[in-house]
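J.: Mind having a look at this structure? Questions to follow.
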Amino acid sequence: MTPPLPLLEAQRQLLALAVPLGPETVPAEQALGRYLWDDLSARRTQPAADLSAMDGYAVQEPLVGPWRLVGESAAGRPFEGSLQTGEAVRISTGALMPRSAIAVLLQEEAHRDGTSLAVSPDGEASARHIRRKGFDFLNGDTVLEAGTRIGPAQLALAVSAGHGGDGLEVGRLPRVAVIDNGDELAVEAGKWDDHRLPASNGAMIAAMAQSISVSVDRLGPVPDRREALAEALAAAKGADVIVTSGGASIGDHDLVRPALEEWGASIDFWRVAMKPGKPLLVARKGDAFVLGLPGNPVSSYVTAFLFLLPLLRRLAGARHSHSLPVRFQARTAAPLPPGGPRLELIRAQLVGSLVTPLGQQDSSGLRALATANALIERPIDAPAAAAGDDVSVYWLQNGGMG
Ligand SMILES: Nc1nc2c(c(=O)[nH]1)N[C@H]1C(S)=C(S)[C@@H](COP(=O)(O)OP(=O)(O)OC[C@H]3O[C@@H](n4cnc5c(N)ncnc54)[C@H](O)[C@@H]3O)O[C@H]1N2
Ligand code: MOO
């Protein structure tokens, strides 16, 4: 048996095998959560001309006034003429600066009497209140890079850059199939007893994959028989990623690896030096990936978080470096024992920058998992940590993307 791979090396190997699936064009408003296929260039300049940043008066020389009011520039209704020395126009936030105006006098710093305008004693007309043409972006600028995830701000930028009308080219989302297996899994929801338990992993994995996939087919639970696994694998035809859960270890009933080999898949690696999650397996057949997750529910969750979600993001077009969950530093609220031969992922609660490890760390404990909002990462052979020491942490919400 080859020794288990270190976590980072296993993630690197998996992502190195993954190539984004291809582009498709979707209406901009439906691109939320998707990854841009190509660099996006602006089709317009923003602001398209000098604008006032404030409500007040656009003025010509002399900067100290006084001026004569000759009109108005409102947002969407510009002043058409050009200002002469000693002239000013009423102007609103976002309205076009008239030609030859040089400064804006804020409304609260102005003294107005009919068409006569003067600066109040503590006021000052200033060019600071002008938003210059193109300060945000110029026509032709690359405003978003290929592989960027479209969130609300990126969507607004794309629309503002002129891409709202005919849609955005984004990475195609992968199709996912989930096969959980084990003779102990109740096939019908509600039909459990002492030796049959609800198949919760299938629901959990499907829920985790949902936002980064076009479809998730649930093909389990299937019993611990090679023919049953073979049938389920055949039914997963067309999936870009097949996720199995359970049967990944070395027991007499752990059949995923032999079933995959019989099906014609090639195993890329098996076992990662992490706890929970050691028996993780990665295989491929044709263009399809198979991720064999361990059956223990927390092990399934943690390996889906650290391998399945990054793989789905990469296939959906995320940049390599943006596929992995974000890891950051926090202070542990309690001492931690020294690390062992496997990197450990400890369920924890993060509040501000303080992270508290939970008491229950069994890899089947769903209540502790559901209470956790973070994972503390303890490297292999980490020295013991005292309360207050810095530790590495993953945030579990949003698939760990912050
Ligand atoms: N002798 C050894 N035994 C084990 C090793 C080892 O190295 N040597 N590794 C352990 C580790 S680590 C893990 S993790 C587990 C994972 O094993 P499997 O992937 O083969 O999982 P199963 O044996 O099928 O199931 C484990 C556990 O999880 C429950 N389970 C399975 N599927 C589901 C599901 N869909 N929903 C809810 N719960 C599920 C199952 O009933 C078992 O209790 O192996 C260790 N053993
Ligand atoms: O390392 Mo296994 O994944 O829990 O117990």
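All residue names refer to the structure tokens as shown: chains lettered A, B, ... in order, residues numbered from 1 in each chain, ligands numbered from 1 in order.
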Wanna dump the region 134-200 of chain A-region 38-57 of chain A contacts at 12 Å for me, each residue with its shortest atom pair and the distance in Å to one decimal, counting only C-alpha atoms, ordered by chain and number, as JSON lines?

T.:
{"residue": "A:Gly134", "atom": "CA", "partner": "A:Gln46", "partner_atom": "CA", "distance": 4.9}
{"residue": "A:Phe135", "atom": "CA", "partner": "A:Pro47", "partner_atom": "CA", "distance": 6.8}
{"residue": "A:Asp136", "atom": "CA", "partner": "A:Gln46", "partner_atom": "CA", "distance": 5.6}
{"residue": "A:Phe137", "atom": "CA", "partner": "A:Gln46", "partner_atom": "CA", "distance": 5.4}
{"residue": "A:Leu138", "atom": "CA", "partner": "A:Thr45", "partner_atom": "CA", "distance": 4.2}
{"residue": "A:Asn139", "atom": "CA", "partner": "A:Arg44", "partner_atom": "CA", "distance": 4.3}
{"residue": "A:Gly140", "atom": "CA", "partner": "A:Ala42", "partner_atom": "CA", "distance": 5.0}
{"residue": "A:Asp141", "atom": "CA", "partner": "A:Ser41", "partner_atom": "CA", "distance": 5.3}
{"residue": "A:Thr142", "atom": "CA", "partner": "A:Ser41", "partner_atom": "CA", "distance": 4.3}
{"residue": "A:Val143", "atom": "CA", "partner": "A:Ser41", "partner_atom": "CA", "distance": 5.8}
{"residue": "A:Leu144", "atom": "CA", "partner": "A:Leu40", "partner_atom": "CA", "distance": 5.2}
{"residue": "A:Glu145", "atom": "CA", "partner": "A:Asp39", "partner_atom": "CA", "distance": 4.3}
{"residue": "A:Ala146", "atom": "CA", "partner": "A:Asp38", "partner_atom": "CA", "distance": 4.3}
{"residue": "A:Gly147", "atom": "CA", "partner": "A:Asp38", "partner_atom": "CA", "distance": 7.3}
{"residue": "A:Thr148", "atom": "CA", "partner": "A:Asp39", "partner_atom": "CA", "distance": 8.8}
{"residue": "A:Arg149", "atom": "CA", "partner": "A:Asp38", "partner_atom": "CA", "distance": 11.7}
{"residue": "A:Ile150", "atom": "CA", "partner": "A:Leu40", "partner_atom": "CA", "distance": 11.6}
{"residue": "A:Gln154", "atom": "CA", "partner": "A:Leu40", "partner_atom": "CA", "distance": 10.7}
{"residue": "A:Leu155", "atom": "CA", "partner": "A:Leu40", "partner_atom": "CA", "distance": 11.4}
{"residue": "A:Leu157", "atom": "CA", "partner": "A:Ala42", "partner_atom": "CA", "distance": 9.1}
{"residue": "A:Ala158", "atom": "CA", "partner": "A:Leu40", "partner_atom": "CA", "distance": 7.7}
{"residue": "A:Val159", "atom": "CA", "partner": "A:Ala42", "partner_atom": "CA", "distance": 9.5}
{"residue": "A:Ser160", "atom": "CA", "partner": "A:Gln46", "partner_atom": "CA", "distance": 7.8}
{"residue": "A:Ala161", "atom": "CA", "partner": "A:Ala42", "partner_atom": "CA", "distance": 4.6}
{"residue": "A:Gly162", "atom": "CA", "partner": "A:Arg43", "partner_atom": "CA", "distance": 5.3}
{"residue": "A:His163", "atom": "CA", "partner": "A:Arg43", "partner_atom": "CA", "distance": 7.6}
{"residue": "A:Gly164", "atom": "CA", "partner": "A:Arg43", "partner_atom": "CA", "distance": 10.7}
{"residue": "A:Gly165", "atom": "CA", "partner": "A:Arg43", "partner_atom": "CA", "distance": 11.6}
{"residue": "A:Gly167", "atom": "CA", "partner": "A:Leu40", "partner_atom": "CA", "distance": 11.6}
{"residue": "A:Leu168", "atom": "CA", "partner": "A:Leu40", "partner_atom": "CA", "distance": 8.9}
{"residue": "A:Glu169", "atom": "CA", "partner": "A:Asp38", "partner_atom": "CA", "distance": 7.2}
{"residue": "A:Val170", "atom": "CA", "partner": "A:Asp38", "partner_atom": "CA", "distance": 7.7}
{"residue": "A:Gly171", "atom": "CA", "partner": "A:Asp38", "partner_atom": "CA", "distance": 9.1}

J.: For Ala288 (chain A), find every residue with an atom within 9 Å (counting only C-alpha atoms), except residues of its own chain fewer than 5 positions away, and show them as JSON, numbers by chain.

T.: {"A": [237, 238, 239, 240, 241, 242, 283]}

J.: At a cut-off of 9 Å, using only C-alpha atoms, what residues contact Leu312 (chain A)? Leave out same-chain residues fewer than 6 positions from it and give the result as a tab-separated table (two decimals) with N, CA and C atoms, in the first residue's frame.

T.:
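Result saved to around-v5.tsv:
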chain	number	residue	atom	x	y	z
A	173	LEU	N	-21.62	24.30	-15.83
A	173	LEU	CA	-21.61	23.65	-14.52
A	173	LEU	C	-21.57	22.13	-14.68
A	174	PRO	N	-20.84	21.44	-13.80
A	174	PRO	CA	-20.77	19.99	-13.91
A	174	PRO	C	-22.08	19.29	-13.51
A	176	VAL	N	-23.50	16.08	-11.56
A	176	VAL	CA	-22.98	15.28	-10.45
A	176	VAL	C	-23.92	14.10	-10.20
A	209	ALA	N	-23.17	20.06	-3.07
A	209	ALA	CA	-22.80	20.21	-4.49
A	209	ALA	C	-23.77	21.11	-5.25
A	212	ILE	N	-22.95	24.42	-7.17
A	212	ILE	CA	-21.85	24.44	-8.16
A	212	ILE	C	-22.08	23.33	-9.19
A	213	SER	N	-23.34	22.95	-9.40
A	213	SER	CA	-23.60	21.89	-10.37
A	213	SER	C	-24.89	22.21	-11.10
A	241	VAL	N	-18.96	14.29	-12.57
A	241	VAL	CA	-18.36	13.87	-11.30
A	241	VAL	C	-19.30	12.87	-10.62
A	318	ALA	N	-13.54	28.06	-12.27
A	318	ALA	CA	-12.81	28.88	-11.29
A	318	ALA	C	-11.31	28.78	-11.57
A	323	SER	N	-10.11	27.89	-6.29
A	323	SER	CA	-10.96	26.71	-6.15
A	323	SER	C	-10.96	26.17	-4.73

J.: Using only C-alpha atoms and all ligand atoms, determine which residues fall within 8 Å of ligand 1, then list them as a PyMOL selection string.

T.: chain A and resi 180-182+184-185+197-202+221+245-251+253-254+275-280+292-297+299-300+363-364

J.: When distances are computed from only C-alpha atoms and all ligand atoms, which of A:Ser100, A:Pro4, A:Ala330, A:Ala316 shows the smallest separation from ligand 2?

T.: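 Counting only C-alpha atoms and all ligand atoms, the residue closest to ligand 2 is A:Pro4.
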
J.: What lies within 6 Å of Gly388 (chain A) using only C-alpha atoms, ignoring chain neighbours under 2 positions off, as number ranges by chain?

T.: A: 331-333

J.: Going by DSSP on the backbone, which bits of region 282-397 of chain A are strand (DSSP E)? Write them as a VMD selection string, please.

T.: chain A and resid 282 to 285 288 to 293 327 to 332 343 to 351 354 to 357 374 to 378 390 to 395

J.: How many Å separate CA of Ala384 (chain A) from CA of Val355 (chain A)?

T.: 15.7 Å

J.: Which of these residues is nearest to Arg314 (chain A), using only C-alpha atoms: A:Ala16, A:Ala10, A:Leu96, A:Glu261?

T.: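 Of A:Ala16, A:Ala10, A:Leu96, A:Glu261, the one nearest Arg314 (chain A) is A:Ala16, counting only C-alpha atoms.
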
J.: Mind checking which residues fall within 6 Å of region 215-219 of chain A, counting only C-alpha atoms, ignoring those fewer than 3 positions away in the same chain, and posting them as an NGL selection string?

T.: :A and (175-179)

J.: Output the selection as a compact mmCIF listing (two decimals), in the first residue's frame - N, CA and C atoms for each residue.

T.:
# COMPACT_ATOMS: atom_id res chain seq x y z
N ARG A 175 -22.26 18.11 -14.09
CA ARG A 175 -23.36 17.22 -13.67
C ARG A 175 -22.78 16.26 -12.64
N VAL A 176 -23.50 16.08 -11.56
CA VAL A 176 -22.98 15.28 -10.45
C VAL A 176 -23.92 14.10 -10.20
N ALA A 177 -23.34 12.95 -9.89
CA ALA A 177 -24.14 11.80 -9.45
C ALA A 177 -23.62 11.36 -8.07
N VAL A 178 -24.52 11.09 -7.16
CA VAL A 178 -24.12 10.69 -5.80
C VAL A 178 -24.59 9.26 -5.55
N ILE A 179 -23.63 8.40 -5.21
CA ILE A 179 -23.96 7.01 -4.92
C ILE A 179 -23.49 6.71 -3.51

J.: Please provide the set of residues having any atom within 12 Å of Ser116 (chain A), restricted to only C-alpha atoms, with same-chain residues fewer than 2 positions apart removed, written as a VMD selection string.

T.: chain A and resid 57 65 to 70 86 to 90 110 to 114 118 to 119

J.: Can you list every residue in region 225-396 of chain A that DSSP puts in alpha helix (DSSP H), as a PyMOL selection string?

T.: chain A and resi 226-235+256-263+297-303+309-315+366-371

J.: Selected residues, C-alpha atoms, written as an mmCIF file, in the first residue's frame, please.

T.:
data_model
loop_
_atom_site.group_PDB
_atom_site.id
_atom_site.type_symbol
_atom_site.label_atom_id
_atom_site.label_comp_id
_atom_site.auth_asym_id
_atom_site.auth_seq_id
_atom_site.Cartn_x
_atom_site.Cartn_y
_atom_site.Cartn_z
ATOM 1 C CA ARG A 226 -20.312 -5.280 -6.645
ATOM 2 C CA GLU A 227 -23.202 -5.805 -9.068
ATOM 3 C CA ALA A 228 -25.242 -3.129 -7.282
ATOM 4 C CA LEU A 229 -22.343 -0.676 -7.415
ATOM 5 C CA ALA A 230 -21.705 -1.600 -11.068
ATOM 6 C CA GLU A 231 -25.359 -0.888 -11.891
ATOM 7 C CA ALA A 232 -25.233 2.462 -10.103
ATOM 8 C CA LEU A 233 -21.987 3.420 -11.864
ATOM 9 C CA ALA A 234 -23.560 2.525 -15.219
ATOM 10 C CA ALA A 235 -26.582 4.669 -14.317
ATOM 11 C CA VAL A 256 -15.803 0.820 -4.010
ATOM 12 C CA ARG A 257 -12.224 0.463 -5.180
ATOM 13 C CA PRO A 258 -12.617 -3.045 -6.684
ATOM 14 C CA ALA A 259 -15.959 -2.054 -8.235
ATOM 15 C CA LEU A 260 -14.365 0.996 -9.843
ATOM 16 C CA GLU A 261 -11.477 -1.055 -11.188
ATOM 17 C CA GLU A 262 -13.902 -3.621 -12.619
ATOM 18 C CA TRP A 263 -15.890 -0.784 -14.215
ATOM 19 C CA PRO A 297 -20.656 11.275 7.949
ATOM 20 C CA VAL A 298 -18.118 13.834 9.186
ATOM 21 C CA SER A 299 -15.392 12.280 7.025
ATOM 22 C CA SER A 300 -17.752 12.532 4.047
ATOM 23 C CA TYR A 301 -18.468 16.180 4.837
ATOM 24 C CA VAL A 302 -14.843 17.170 5.348
ATOM 25 C CA THR A 303 -13.601 15.407 2.203
ATOM 26 C CA LEU A 309 -16.256 21.457 -3.892
ATOM 27 C CA PRO A 310 -12.816 22.578 -5.186
ATOM 28 C CA LEU A 311 -13.120 20.074 -8.060
ATOM 29 C CA LEU A 312 -16.619 21.327 -8.967
ATOM 30 C CA ARG A 313 -15.427 24.950 -8.846
ATOM 31 C CA ARG A 314 -12.465 24.199 -11.088
ATOM 32 C CA LEU A 315 -14.626 22.285 -13.599
ATOM 33 C CA LEU A 366 -23.449 14.884 13.120
ATOM 34 C CA ARG A 367 -24.641 17.010 16.038
ATOM 35 C CA ALA A 368 -21.170 18.452 16.598
ATOM 36 C CA LEU A 369 -20.770 18.933 12.840
ATOM 37 C CA ALA A 370 -24.072 20.803 12.655
ATOM 38 C CA THR A 371 -22.976 23.011 15.576
#

J.: Write out as a list in words the residues lying within 7 Å of Glu377 (chain A), counting only C-alpha atoms and excluding same-chain residues fewer than 2 positions away.

T.: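 These residues fall inside the cut-off: Glu344, Leu345, Ile346, Leu375, Pro379, Ser392 and Val393 of chain A.
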
J.: Those residues you just picked out, can you put them in a file as a short mmCIF file (atom, residue, chain, number, x, y, z; two decimals), in the first residue's frame with all heavy atoms?

T.:
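Contents of again.cif, freshly written:
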data_model
loop_
_atom_site.label_atom_id
_atom_site.label_comp_id
_atom_site.auth_asym_id
_atom_site.auth_seq_id
_atom_site.Cartn_x
_atom_site.Cartn_y
_atom_site.Cartn_z
N GLU A 344 -5.02 17.06 11.13
CA GLU A 344 -6.34 16.93 11.76
C GLU A 344 -7.22 18.12 11.48
O GLU A 344 -6.75 19.26 11.47
CB GLU A 344 -6.16 16.81 13.27
CG GLU A 344 -6.29 15.38 13.74
CD GLU A 344 -6.03 15.26 15.22
OE1 GLU A 344 -6.97 15.49 15.99
OE2 GLU A 344 -4.87 14.98 15.58
N LEU A 345 -8.50 17.84 11.25
CA LEU A 345 -9.48 18.91 11.03
C LEU A 345 -10.49 18.83 12.16
O LEU A 345 -11.23 17.84 12.28
CB LEU A 345 -10.11 18.73 9.66
CG LEU A 345 -9.04 18.96 8.58
CD1 LEU A 345 -9.24 18.09 7.39
CD2 LEU A 345 -8.94 20.42 8.22
N ILE A 346 -10.45 19.84 13.01
CA ILE A 346 -11.20 19.81 14.27
C ILE A 346 -12.43 20.70 14.13
O ILE A 346 -12.30 21.89 13.80
CB ILE A 346 -10.28 20.32 15.41
CG1 ILE A 346 -9.08 19.37 15.54
CG2 ILE A 346 -11.04 20.45 16.72
CD1 ILE A 346 -7.99 19.89 16.46
N LEU A 375 -13.52 24.80 10.81
CA LEU A 375 -12.63 23.66 11.06
C LEU A 375 -11.26 24.24 11.42
O LEU A 375 -10.76 25.13 10.71
CB LEU A 375 -12.45 22.81 9.80
CG LEU A 375 -13.65 22.03 9.28
CD1 LEU A 375 -13.28 21.36 7.94
CD2 LEU A 375 -14.08 20.96 10.30
N PRO A 379 -1.62 20.80 11.54
CA PRO A 379 -0.68 20.10 10.65
C PRO A 379 -0.15 18.81 11.28
O PRO A 379 -0.21 18.64 12.50
CB PRO A 379 0.45 21.10 10.46
CG PRO A 379 -0.07 22.41 10.93
CD PRO A 379 -1.14 22.12 11.93
N SER A 392 -4.65 27.65 12.16
CA SER A 392 -5.26 27.82 10.84
C SER A 392 -6.70 27.37 10.90
O SER A 392 -7.02 26.35 11.55
CB SER A 392 -4.53 26.96 9.81
OG SER A 392 -3.28 27.49 9.56
N VAL A 393 -7.57 28.09 10.20
CA VAL A 393 -9.02 27.84 10.29
C VAL A 393 -9.65 27.91 8.90
O VAL A 393 -9.21 28.70 8.06
CB VAL A 393 -9.65 28.92 11.21
CG1 VAL A 393 -11.15 28.93 11.12
CG2 VAL A 393 -9.23 28.70 12.66
#
